[in-house]
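As stored in data_11.txt (compact mmCIF, C-alpha atoms):
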# COMPACT_ATOMS: atom_id res chain seq x y z
CA MET A 93 17.34 -0.09 17.21
CA GLN A 94 18.34 2.94 15.14
CA SER A 95 22.01 2.66 16.18
CA GLN A 96 22.00 -1.06 15.38
CA THR A 97 20.57 -0.33 11.94
CA GLN A 98 23.17 2.35 11.23
CA ASN A 99 26.01 0.17 12.48
CA SER A 100 25.53 -2.44 9.78
CA LEU A 101 26.58 -3.12 6.22
CA LEU A 102 23.27 -2.33 4.52
CA GLN A 103 21.41 -0.27 7.18
CA ASP A 104 17.85 -0.15 5.80
CA GLY A 105 18.97 -0.80 2.21
CA ARG A 106 17.37 -3.45 0.01
CA GLY A 107 20.51 -5.58 -0.32
CA ILE A 108 20.55 -7.35 -3.69
CA ASP A 109 19.89 -4.47 -6.10
CA HIS A 110 21.11 -5.32 -9.59
CA LEU A 111 23.34 -7.65 -11.56
CA VAL A 112 25.66 -6.21 -14.19
CA VAL A 113 25.91 -8.45 -17.28
CA LEU A 114 28.69 -7.38 -19.64
CA VAL A 115 27.98 -7.96 -23.34
CA ARG A 116 29.78 -7.07 -26.56
CA ASP A 117 26.79 -5.88 -28.59
CA LEU A 118 24.21 -4.10 -26.47
CA GLN A 119 21.54 -3.65 -29.15
CA SER A 120 21.46 -7.27 -30.32
CA THR A 121 21.71 -8.69 -26.78
CA THR A 122 18.89 -6.42 -25.60
CA LYS A 123 16.75 -7.75 -28.44
CA GLU A 124 17.57 -11.37 -27.49
CA TYR A 125 16.74 -10.80 -23.82
CA HIS A 126 13.42 -9.29 -24.90
CA ASP A 127 12.40 -11.52 -27.81
CA LEU A 128 13.78 -14.89 -26.68
CA LEU A 129 14.05 -14.72 -22.87
CA GLY A 130 10.97 -12.58 -22.24
CA PHE A 131 12.32 -9.55 -20.38
CA ASP A 132 10.85 -6.09 -20.86
CA ILE A 133 13.92 -3.90 -21.51
CA SER A 134 14.34 -0.12 -21.24
CA GLY A 135 16.03 2.13 -23.76
CA ILE A 136 19.77 2.74 -23.77
CA GLY A 137 21.55 5.04 -21.32
CA GLN A 138 25.17 6.20 -21.41
CA HIS A 139 27.54 6.72 -18.48
CA PRO A 140 30.25 9.38 -18.62
CA GLY A 141 32.84 6.61 -18.18
CA GLY A 142 32.32 5.18 -21.66
CA THR A 143 29.77 2.43 -20.93
CA GLU A 144 26.13 2.13 -22.01
CA ASN A 145 23.32 0.01 -20.68
CA SER A 146 19.78 -1.25 -20.98
CA ILE A 147 17.69 -2.34 -18.01
CA ALA A 148 15.21 -5.11 -17.19
CA ARG A 149 13.51 -3.61 -14.13
CA PHE A 150 11.35 -5.67 -11.77
CA GLN A 151 8.46 -4.98 -9.40
CA ASP A 152 10.65 -4.53 -6.31
CA ASP A 153 13.11 -2.19 -8.13
CA THR A 154 15.78 -4.87 -8.50
CA TYR A 155 17.02 -5.19 -12.07
CA LEU A 156 19.29 -6.82 -14.61
CA GLU A 157 21.67 -4.39 -16.28
CA LEU A 158 23.06 -5.26 -19.70
CA LEU A 159 26.28 -3.25 -20.02
CA SER A 160 28.54 -2.62 -23.00
CA VAL A 161 31.05 -0.02 -24.25
CA TYR A 162 30.55 3.03 -26.46
CA ASP A 163 33.97 4.63 -25.80
CA PRO A 164 36.78 2.07 -25.33
CA THR A 165 39.27 4.75 -24.26
CA LYS A 166 37.18 5.54 -21.17
CA ALA A 167 36.09 2.00 -20.23
CA LYS A 168 39.32 0.01 -20.25
CA ASP A 169 38.33 -2.40 -17.46
CA THR A 170 35.11 -3.34 -19.24
CA VAL A 171 36.97 -3.72 -22.53
CA ALA A 172 39.49 -6.03 -20.83
CA PHE A 173 36.67 -8.18 -19.42
CA LEU A 174 34.91 -8.44 -22.78
CA GLU A 175 38.12 -9.40 -24.57
CA LYS A 176 38.02 -12.63 -22.55
CA TYR A 177 34.31 -13.41 -22.27
CA GLU A 178 30.78 -12.08 -21.77
CA GLY A 179 28.85 -12.57 -18.56
CA ALA A 180 28.03 -11.21 -15.12
CA GLY A 181 30.72 -8.83 -13.92
CA ALA A 182 29.45 -7.55 -10.57
CA VAL A 183 26.47 -7.36 -8.24
CA GLY A 184 25.37 -4.05 -6.71
CA LEU A 185 24.06 -4.10 -3.14
CA ASN A 186 21.69 -1.29 -2.16
CA ILE A 187 22.58 0.45 1.11
CA GLY A 188 20.92 3.15 3.16
CA SER A 189 24.00 5.39 3.44
CA ALA A 190 27.37 5.26 1.70
CA ASP A 191 28.96 7.01 4.70
CA ALA A 192 27.51 4.49 7.16
CA THR A 193 28.69 1.56 5.03
CA VAL A 194 32.20 3.04 4.81
CA ASN A 195 32.28 3.48 8.58
CA PHE A 196 31.03 -0.06 9.16
CA LEU A 197 33.62 -1.59 6.84
CA ARG A 198 36.44 0.53 8.27
CA SER A 199 35.45 -0.59 11.78
CA ARG A 200 36.30 -4.08 10.52
CA GLY A 201 39.63 -2.96 9.12
CA ILE A 202 38.43 -2.96 5.50
CA GLU A 203 39.71 -0.23 3.19
CA THR A 204 37.13 1.23 0.81
CA GLY A 205 36.87 3.49 -2.20
CA THR A 206 34.00 5.88 -2.85
CA GLY A 207 32.56 7.90 -5.70
CA SER A 208 29.36 8.92 -7.43
CA GLY A 209 27.64 8.30 -10.74
CA THR A 210 25.09 9.55 -13.21
CA ILE A 211 23.74 8.58 -16.62
CA LYS A 212 22.34 10.18 -19.77
CA LEU A 213 19.14 8.32 -20.59
CA GLU A 214 17.78 7.93 -24.09
CA ASN A 215 15.35 10.69 -25.15
CA THR A 216 16.19 12.75 -22.06
CA ASP A 217 18.32 15.91 -21.96
CA ASP A 218 18.04 16.12 -18.17
CA VAL A 219 21.31 14.76 -16.65
CA PRO A 220 21.51 15.09 -12.85
CA SER A 221 24.99 15.39 -11.37
CA VAL A 222 24.70 12.57 -8.81
CA LEU A 223 22.09 9.79 -9.09
CA TRP A 224 23.95 7.36 -6.84
CA LYS A 225 26.94 7.13 -4.52
CA TRP A 226 29.06 4.00 -4.63
CA VAL A 227 31.42 2.19 -2.27
CA ASP A 228 33.86 -0.53 -3.31
CA LEU A 229 36.40 -2.74 -1.57
CA LYS A 230 40.11 -2.03 -1.84
CA ALA A 231 41.48 -5.04 0.04
CA LYS A 232 42.46 -7.73 -2.44
CA THR A 233 40.01 -10.60 -1.90
CA SER A 234 37.94 -12.86 -4.13
CA ILE A 235 35.00 -10.43 -3.96
CA THR A 236 36.87 -7.14 -4.50
CA ASP A 237 35.91 -6.84 -8.16
CA SER A 238 32.50 -8.51 -8.03
CA ILE A 239 30.61 -6.77 -5.18
CA PHE A 240 29.97 -3.06 -4.75
CA PHE A 241 27.53 -0.95 -2.74
CA LEU A 242 25.33 1.93 -3.83
CA GLU A 243 23.16 4.53 -2.18
CA TYR A 244 20.53 6.16 -4.38
CA THR A 245 20.31 9.91 -3.84
CA LEU A 246 17.46 12.34 -3.26
CA GLU A 247 18.41 13.83 -6.61
CA ARG A 248 17.58 10.48 -8.21
CA ALA A 249 14.21 10.39 -6.45
CA ALA A 250 13.42 13.83 -7.87
CA PHE A 251 14.62 12.74 -11.32
CA ARG A 252 12.31 9.72 -11.19
CA LYS A 253 9.36 11.98 -10.43
CA ARG A 254 10.23 14.15 -13.44
CA HIS A 255 10.71 11.12 -15.74
CA PRO A 256 8.51 8.26 -14.49
CA GLU A 257 8.57 6.72 -17.99
CA GLN A 258 12.27 5.97 -17.53
CA TYR A 259 11.63 3.86 -14.43
CA SER A 260 8.34 2.16 -15.24
CA VAL A 261 8.14 -1.59 -14.86
CA GLY A 262 6.76 -3.19 -17.98
CA SER A 263 5.07 -6.54 -18.35
CA HIS A 264 7.75 -9.23 -18.64
CA SER A 265 6.61 -11.99 -20.97
CA ASN A 266 8.37 -14.52 -18.73
CA GLY A 267 6.54 -13.18 -15.66
CA ALA A 268 9.75 -12.00 -13.93
CA ARG A 269 9.13 -10.33 -10.56
CA ARG A 270 12.53 -9.82 -8.94
CA LEU A 271 16.22 -10.60 -8.92
CA ALA A 272 16.27 -12.90 -5.90
CA SER A 273 19.74 -14.43 -5.78
CA VAL A 274 23.20 -14.15 -7.32
CA TRP A 275 25.50 -17.18 -7.58
CA MET A 276 29.17 -16.59 -6.82
CA ILE A 277 31.98 -19.07 -6.91
CA ALA A 278 34.82 -20.36 -4.71
CA LYS A 279 37.24 -23.27 -4.73
CA ASP A 280 36.26 -24.29 -1.20
CA LEU A 281 33.19 -23.28 0.79
CA LYS A 282 34.90 -22.88 4.16
CA ASP A 283 37.78 -20.72 2.93
CA GLY A 284 35.63 -19.00 0.33
CA ALA A 285 33.15 -17.81 2.95
CA GLY A 286 35.80 -15.66 4.66
CA PRO A 287 35.43 -12.49 2.54
CA TYR A 288 31.63 -12.56 2.82
CA GLU A 289 31.74 -12.97 6.60
CA MET A 290 34.42 -10.25 6.75
CA ILE A 291 31.98 -7.67 5.31
CA GLY A 292 29.22 -8.73 7.69
CA LEU A 293 27.09 -11.15 5.68
CA LEU A 294 25.56 -14.06 7.60
CA ALA A 295 25.35 -17.63 6.34
CA ARG A 296 21.79 -18.92 6.42
CA ARG A 297 21.92 -22.52 5.23
CA GLN A 298 23.85 -25.09 3.22
CA VAL A 299 22.46 -26.12 -0.16
CA LYS A 300 23.25 -28.59 -2.92
CA LEU A 301 22.86 -27.78 -6.62
CA ASP A 302 23.17 -31.02 -8.54
CA HIS A 303 22.18 -29.29 -11.78
CA ALA A 304 25.26 -27.06 -11.47
CA ASP A 305 27.54 -29.80 -10.07
CA ALA A 306 27.96 -27.67 -6.96
CA LYS A 307 27.32 -27.37 -3.26
CA GLY A 308 26.80 -24.02 -1.61
CA THR A 309 26.35 -21.70 1.33
CA GLU A 310 23.48 -19.23 1.18
CA PHE A 311 24.10 -15.75 2.61
CA GLN A 312 21.22 -13.44 3.44
CA VAL A 313 21.71 -10.06 1.74
CA GLY A 314 18.82 -7.83 2.73
CA GLN A 315 15.77 -9.02 0.82
CA GLY A 316 17.81 -11.31 -1.43
CA THR A 317 20.61 -13.84 -1.17
CA ILE A 318 24.04 -14.70 -2.45
CA LEU A 319 24.73 -18.36 -3.15
CA LEU A 320 28.42 -19.12 -2.69
CA LEU A 321 29.11 -22.25 -4.74
CA ALA A 322 32.00 -24.68 -4.88
CA PRO A 323 32.41 -27.56 -7.37
CA THR A 324 31.44 -31.13 -6.51
CA LYS A 325 32.90 -32.57 -9.73
CA ASP A 326 36.28 -31.78 -11.25
CA ASP A 327 34.77 -31.78 -14.74
CA GLY A 328 31.36 -30.30 -13.82
CA LYS A 329 29.76 -27.01 -14.84
CA THR A 330 30.90 -25.06 -11.77
CA ALA A 331 34.46 -26.43 -11.95
CA MET A 332 34.75 -25.43 -15.61
CA PHE A 333 33.49 -21.93 -14.82
CA LEU A 334 35.92 -21.64 -11.90
CA LYS A 335 38.87 -22.54 -14.11
CA GLN A 336 37.94 -19.81 -16.59
CA HIS A 337 36.81 -17.00 -14.26
CA GLY A 338 38.54 -17.69 -10.95
CA GLU A 339 37.20 -17.23 -7.42
CA GLY A 340 34.67 -14.46 -6.98
CA GLY A 341 33.28 -14.89 -10.47
CA ILE A 342 29.50 -14.76 -10.87
CA LEU A 343 28.14 -18.02 -12.23
CA GLY A 344 24.43 -17.23 -12.41
CA ALA A 345 21.30 -15.70 -10.94
CA SER A 346 17.84 -16.70 -9.73
CA ILE A 347 14.83 -14.75 -11.00
CA GLU A 348 11.48 -15.13 -9.26
CA VAL A 349 8.59 -15.37 -11.73
CA GLY A 350 4.86 -15.25 -11.17
CA ASP A 351 4.01 -18.47 -13.03
CA LEU A 352 6.72 -20.96 -13.93
CA SER A 353 4.57 -22.81 -16.44
CA SER A 354 3.99 -19.54 -18.35
CA ALA A 355 7.72 -18.79 -18.34
CA ARG A 356 8.43 -22.31 -19.59
CA HIS A 357 5.81 -21.94 -22.33
CA PHE A 358 7.34 -18.64 -23.49
CA LEU A 359 10.83 -20.16 -23.71
CA ASP A 360 9.51 -23.23 -25.53
CA GLU A 361 7.69 -21.06 -28.07
CA ASN A 362 10.94 -19.25 -28.82
CA GLY A 363 13.10 -22.34 -29.05
CA VAL A 364 15.12 -21.61 -25.89
CA GLU A 365 16.30 -24.88 -24.35
CA HIS A 366 16.13 -25.19 -20.58
CA HIS A 367 16.60 -27.74 -17.84
CA ASP A 368 13.69 -28.37 -15.44
CA TYR A 369 14.41 -29.48 -11.86
CA THR A 370 13.67 -28.91 -8.18
CA GLY A 371 16.18 -26.32 -7.03
CA THR A 372 17.09 -24.26 -3.97
CA TYR A 373 13.85 -22.26 -4.20
CA GLY A 374 11.55 -25.03 -5.40
CA GLN A 375 10.48 -26.04 -8.90
CA SER A 376 12.75 -24.23 -11.34
CA LEU A 377 14.10 -24.07 -14.84
CA LEU A 378 17.61 -23.19 -15.94
CA VAL A 379 18.77 -21.49 -19.13
CA SER A 380 22.40 -22.06 -20.10
CA PRO A 381 25.06 -19.35 -20.62
CA GLU A 382 25.01 -19.96 -24.37
CA ARG A 383 21.56 -18.32 -24.52
CA THR A 384 22.13 -15.54 -21.97
CA HIS A 385 25.59 -14.28 -22.97
CA GLY A 386 27.53 -15.83 -20.16
CA LEU A 387 25.50 -16.70 -17.05
CA TRP A 388 23.28 -19.51 -15.83
CA LEU A 389 19.80 -18.01 -15.50
CA GLU A 390 17.38 -19.76 -13.15
CA MET A 391 13.67 -18.99 -13.03
CA TYR A 392 11.51 -20.21 -10.16
CA GLU A 393 7.97 -19.57 -9.01
CA GLY A 394 7.76 -17.51 -5.82
Could you take the file, read its structure, and then write that structure out as structure tokens?
Amino acid sequence: MQSQTQNSLLQDGRGIDHLVVLVRDLQSTTKEYHDLLGFDISGIGQHPGGTENSIARFQDDTYLELLSVYDPTKAKDTVAFLEKYEGAGAVGLNIGSADATVNFLRSRGIETGTGSGTIKLENTDDVPSVLWKWVDLKAKTSITDSIFFLEYTLERAAFRKRHPEQYSVGSHSNGARRLASVWMIAKDLKDGAGPYEMIGLLARRQVKLDHADAKGTEFQVGQGTILLLAPTKDDGKTAMFLKQHGEGGILGASIEVGDLSSARHFLDENGVEHHDYTGTYGQSLLVSPERTHGLWLEMYEG
């Protein structure tokens, strides 16, 4: 069993870990996500590479990361993205070991890149050298720029013990519990599934999302899922997004909440329009990209 676990993409990692949402103005967007959408948001942290973030952390340690730029000369890729649009840029998948994931991908003929990262958190002078190790995909496919893998280090675990206030999970006014699913996009489901199968993800079921004018394949990713969507209408929501962002773009995300009626009430009180429907995970509501800075945000009751 141990060898089977090690010889896999995620090993004992959580899978869906966090969604990176790129925004032009971090302070104002953080306020909107808190005041209007109901997420409890952490203070700002800065990466050495010129980007800064704020975090909506959930009960299972998954999170939404709002990411912007504080030094354009160091963050040229993020600047290039934001010159075109705001929205979800990539999904991080939590793995047990960066080395094991590299070995697994290389056994499938997939070239990878590796590195490490850290962050300077607000009101903290303590900056560990390596909080996470990352792995990305070098082969040019639809998912090269939108999926990466990360192993959290023992140094991060020690840092969390020293600064538990930086990792506490607040009370989300919308009742959010976890980031459950990320919606990615393809022109065609059969051809589009190739890169996901190539890295070892398994299709679980076929779904239909009438509210997004899409049909999809659901891939199990540890404790979460990726919904690979393709348009069902040439002039529908998913088709329009595909034309703008191309294959591999991230259309939206599903957030599990504790009580959907409470989430709906909070949005109504703050004038946030939403669409109510029965979705992939049951009764749901959907907030449009105009209110979230670029992604369809689904809430459903787990």
Once 3 Å is added on each side, what centre and edge lengths in Å to one decimal does the axis-aligned box around all listed atoms of region 137-148 of chain A have, as AutoDock Vina command-line options?
--center_x 24.0 --center_y 2.1 --center_z -19.6 --size_x 23.6 --size_y 20.5 --size_z 10.8
Please identify every residue of region 320-389 of chain A that has at least one atom no farther than 12 Å from an atom of region 235-255 of chain A, counting all atoms listed in the file, and for each give the shortest atom pair and the distance in Å to one decimal, arranged by chain then increasing number, as a tab-separated table.
residue	atom	partner	partner_atom	distance
A:Leu320	CA	A:Ile235	CA	11.0
A:His337	CA	A:Ser238	CA	11.4
A:Gly338	CA	A:Ile235	CA	10.7
A:Glu339	CA	A:Ile235	CA	7.9
A:Gly340	CA	A:Ile235	CA	5.0
A:Gly341	CA	A:Ser238	CA	6.9
A:Ile342	CA	A:Ser238	CA	7.5
A:Leu343	CA	A:Ser238	CA	11.3
Legend entry - Nearest candidate to Asn215 (chain A) (options A:Leu197, A:Val261, A:Leu281, A:Ile136; using all atoms listed in the file): A:Ile136
Please, which residues in region 118-146 of chain A fall within 12 Å of region 170-174 of chain A when counting all atoms listed in the file, and what is the closest atom pair and distance in Å to one decimal for each, ordered by chain then residue number, as JSON lines?
{"residue": "A:Gly141", "atom": "CA", "partner": "A:Thr170", "partner_atom": "CA", "distance": 10.3}
{"residue": "A:Gly142", "atom": "CA", "partner": "A:Thr170", "partner_atom": "CA", "distance": 9.3}
{"residue": "A:Thr143", "atom": "CA", "partner": "A:Thr170", "partner_atom": "CA", "distance": 8.0}
{"residue": "A:Glu144", "atom": "CA", "partner": "A:Thr170", "partner_atom": "CA", "distance": 10.9}
Which residues of region 258-333 of chain A sit at most 6 Å from region 106-124 of chain A, using only C-alpha atoms? Give each one's shortest atom pair and distance in Å (one decimal place), in chain and ascending residue order, as a tab-separated table.
residue	atom	partner	partner_atom	distance
A:Val313	CA	A:Gly107	CA	5.1
A:Gly314	CA	A:Gly107	CA	4.1
A:Gln315	CA	A:Arg106	CA	5.9
A:Gly316	CA	A:Ile108	CA	5.3
Could you save the residues just selected, with C-alpha atoms, as a JSON list (two decimals), in the coordinates of the input?
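Result saved to result-v1.json:
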[["chain", "number", "residue", "atom", "x", "y", "z"],
["A", 313, "VAL", "CA", 21.71, -10.06, 1.74],
["A", 314, "GLY", "CA", 18.82, -7.83, 2.73],
["A", 315, "GLN", "CA", 15.77, -9.02, 0.82],
["A", 316, "GLY", "CA", 17.81, -11.31, -1.43]]
Inset, instruction - Give the answer as one residue: which of A:Asn362, A:Thr206, A:Ser260, A:Ser265 has the shortest atom-to-atom distance to Thr193 (chain A), using all atoms listed in the file? - result: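 Closest candidate: A:Thr206.
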Legend entry - Nearest to Glu361 (chain A) by atom-to-atom distance, counting all atoms listed in the file, from A:Pro256, A:Gly184, A:Gly105, A:Gly130: A:Gly130
Legend entry - Shell of 12 Å around Lys307 (chain A), all atoms listed in the file, local chain residues under 6 positions omitted, as an NGL selection string: :A and (275-282 or 297-301 or 319-325 or 328-331 or 371-372)
Legend entry - Selected residue, from A:Gln138, A:Gln151, A:Ser354, A:Gln336, that lies nearest to Thr216 (chain A) when counting only C-alpha atoms: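 Of all the options, A:Gln138 lies closest to Thr216 (chain A).
Between Leu378 (chain A) and the residues A:Asp351, A:Leu129, A:Val219, A:Tyr288, the shortest atom-to-atom distance, using all atoms listed in the file, involves A:Leu129.
Among the candidates A:Ser208, A:Ser234, A:Ser273, A:Thr384, the one nearest to Ser346 (chain A) when counting all atoms listed in the file is A:Ser273.
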Neighbouring residues of Phe196 (chain A) were defined as those with any atom within 12 Å, considering all atoms listed in the file; residues of the same chain fewer than 5 positions away were excluded. Please report them as a CSV table (one decimal) with C-alpha atoms, in the coordinates of the input.
chain,number,residue,atom,x,y,z
A,95,SER,CA,22.0,2.7,16.2
A,96,GLN,CA,22.0,-1.1,15.4
A,97,THR,CA,20.6,-0.3,11.9
A,98,GLN,CA,23.2,2.4,11.2
A,99,ASN,CA,26.0,0.2,12.5
A,100,SER,CA,25.5,-2.4,9.8
A,101,LEU,CA,26.6,-3.1,6.2
A,102,LEU,CA,23.3,-2.3,4.5
A,103,GLN,CA,21.4,-0.3,7.2
A,187,ILE,CA,22.6,0.4,1.1
A,189,SER,CA,24.0,5.4,3.4
A,190,ALA,CA,27.4,5.3,1.7
A,191,ASP,CA,29.0,7.0,4.7
A,201,GLY,CA,39.6,-3.0,9.1
A,202,ILE,CA,38.4,-3.0,5.5
A,203,GLU,CA,39.7,-0.2,3.2
A,204,THR,CA,37.1,1.2,0.8
A,227,VAL,CA,31.4,2.2,-2.3
A,290,MET,CA,34.4,-10.2,6.8
A,291,ILE,CA,32.0,-7.7,5.3
A,292,GLY,CA,29.2,-8.7,7.7
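Rounded to one decimal, CA of Lys168 (chain A) and CA of Ala231 (chain A) lie 21.0 Å from each other.
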Inset, instruction - Work out how far CA of Val274 (chain A) is from CA of Asp104 (chain A), in Å to one decimal. - result: 19.9 Å
Inset, instruction - Please measure the separation of CA of Asn186 (chain A) and CA of Gln375 (chain A), giving the value in Å to one decimal. - result: 28.0 Å
9 Å contact set for Asp152 (chain A), all atoms listed in the file, chain neighbours under 3 positions out, as a JSON list (two decimals) with C-alpha atoms, keeping the file's coordinate frame:
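So the final result, stored in selection38.json, reads:
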[["chain", "number", "residue", "atom", "x", "y", "z"],
["A", 149, "ARG", "CA", 13.51, -3.61, -14.13],
["A", 155, "TYR", "CA", 17.02, -5.19, -12.07],
["A", 269, "ARG", "CA", 9.13, -10.33, -10.56],
["A", 270, "ARG", "CA", 12.53, -9.82, -8.94],
["A", 271, "LEU", "CA", 16.22, -10.60, -8.92]]
Inset, instruction - Write out as a list in words each polymer residue whose atoms come within 9 Å of Phe131 (chain A), counting all atoms listed in the file; drop sequence neighbours fewer than 6 positions from it. - result: Thr122, Tyr125, Ala148, Arg149, Gly262, Ser263, His264, Ser265, Asn266, Gly267 and Ala268 of chain A
Inset, instruction - Excluding Ile147 (chain A) and any residue of its chain fewer than 5 positions from it, enumerate the residues within 6 Å of it, using all atoms listed in the file, and give them as a list in words. - result: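 Returned residues: Ile133, Ser134, Leu156 and Glu157 of chain A.
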Could you rebuild region 290-309 of chain A with N, CA and C atoms and give it back as a short mmCIF file (atom, residue, chain, number, x, y, z; two decimals), keeping the file's coordinate frame?
data_model
loop_
_atom_site.label_atom_id
_atom_site.label_comp_id
_atom_site.auth_asym_id
_atom_site.auth_seq_id
_atom_site.Cartn_x
_atom_site.Cartn_y
_atom_site.Cartn_z
N MET A 290 33.61 -11.43 6.41
CA MET A 290 34.42 -10.25 6.75
C MET A 290 33.62 -8.96 6.59
N ILE A 291 32.76 -8.89 5.54
CA ILE A 291 31.98 -7.67 5.31
C ILE A 291 30.63 -7.69 6.03
N GLY A 292 30.40 -8.73 6.84
CA GLY A 292 29.22 -8.73 7.69
C GLY A 292 28.02 -9.51 7.20
N LEU A 293 28.20 -10.33 6.15
CA LEU A 293 27.09 -11.15 5.68
C LEU A 293 27.01 -12.44 6.50
N LEU A 294 25.79 -12.89 6.75
CA LEU A 294 25.56 -14.06 7.60
C LEU A 294 25.11 -15.25 6.78
N ALA A 295 25.76 -16.39 7.00
CA ALA A 295 25.35 -17.63 6.34
C ALA A 295 24.02 -18.09 6.90
N ARG A 296 23.12 -18.51 6.00
CA ARG A 296 21.79 -18.92 6.42
C ARG A 296 21.60 -20.43 6.39
N ARG A 297 22.09 -21.07 5.34
CA ARG A 297 21.92 -22.52 5.23
C ARG A 297 22.89 -23.07 4.18
N GLN A 298 23.05 -24.39 4.22
CA GLN A 298 23.85 -25.09 3.22
C GLN A 298 22.90 -25.66 2.16
N VAL A 299 23.31 -25.62 0.92
CA VAL A 299 22.46 -26.12 -0.16
C VAL A 299 23.29 -27.00 -1.09
N LYS A 300 22.59 -27.76 -1.90
CA LYS A 300 23.25 -28.59 -2.92
C LYS A 300 22.58 -28.33 -4.25
N LEU A 301 23.38 -28.07 -5.29
CA LEU A 301 22.86 -27.78 -6.62
C LEU A 301 23.41 -28.83 -7.58
N ASP A 302 22.71 -29.95 -7.66
CA ASP A 302 23.17 -31.02 -8.54
C ASP A 302 23.20 -30.59 -10.00
N HIS A 303 22.26 -29.73 -10.40
CA HIS A 303 22.18 -29.29 -11.78
C HIS A 303 23.38 -28.45 -12.19
N ALA A 304 24.07 -27.86 -11.18
CA ALA A 304 25.26 -27.06 -11.47
C ALA A 304 26.53 -27.77 -11.02
N ASP A 305 26.40 -29.03 -10.59
CA ASP A 305 27.54 -29.80 -10.07
C ASP A 305 28.24 -29.01 -8.97
N ALA A 306 27.43 -28.55 -7.99
CA ALA A 306 27.96 -27.67 -6.96
C ALA A 306 27.24 -27.89 -5.63
N LYS A 307 27.92 -27.50 -4.58
CA LYS A 307 27.32 -27.37 -3.26
C LYS A 307 27.53 -25.92 -2.83
N GLY A 308 26.71 -25.44 -1.88
CA GLY A 308 26.80 -24.02 -1.61
C GLY A 308 26.42 -23.62 -0.21
N THR A 309 26.77 -22.39 0.11
CA THR A 309 26.35 -21.70 1.33
C THR A 309 25.53 -20.49 0.91
#
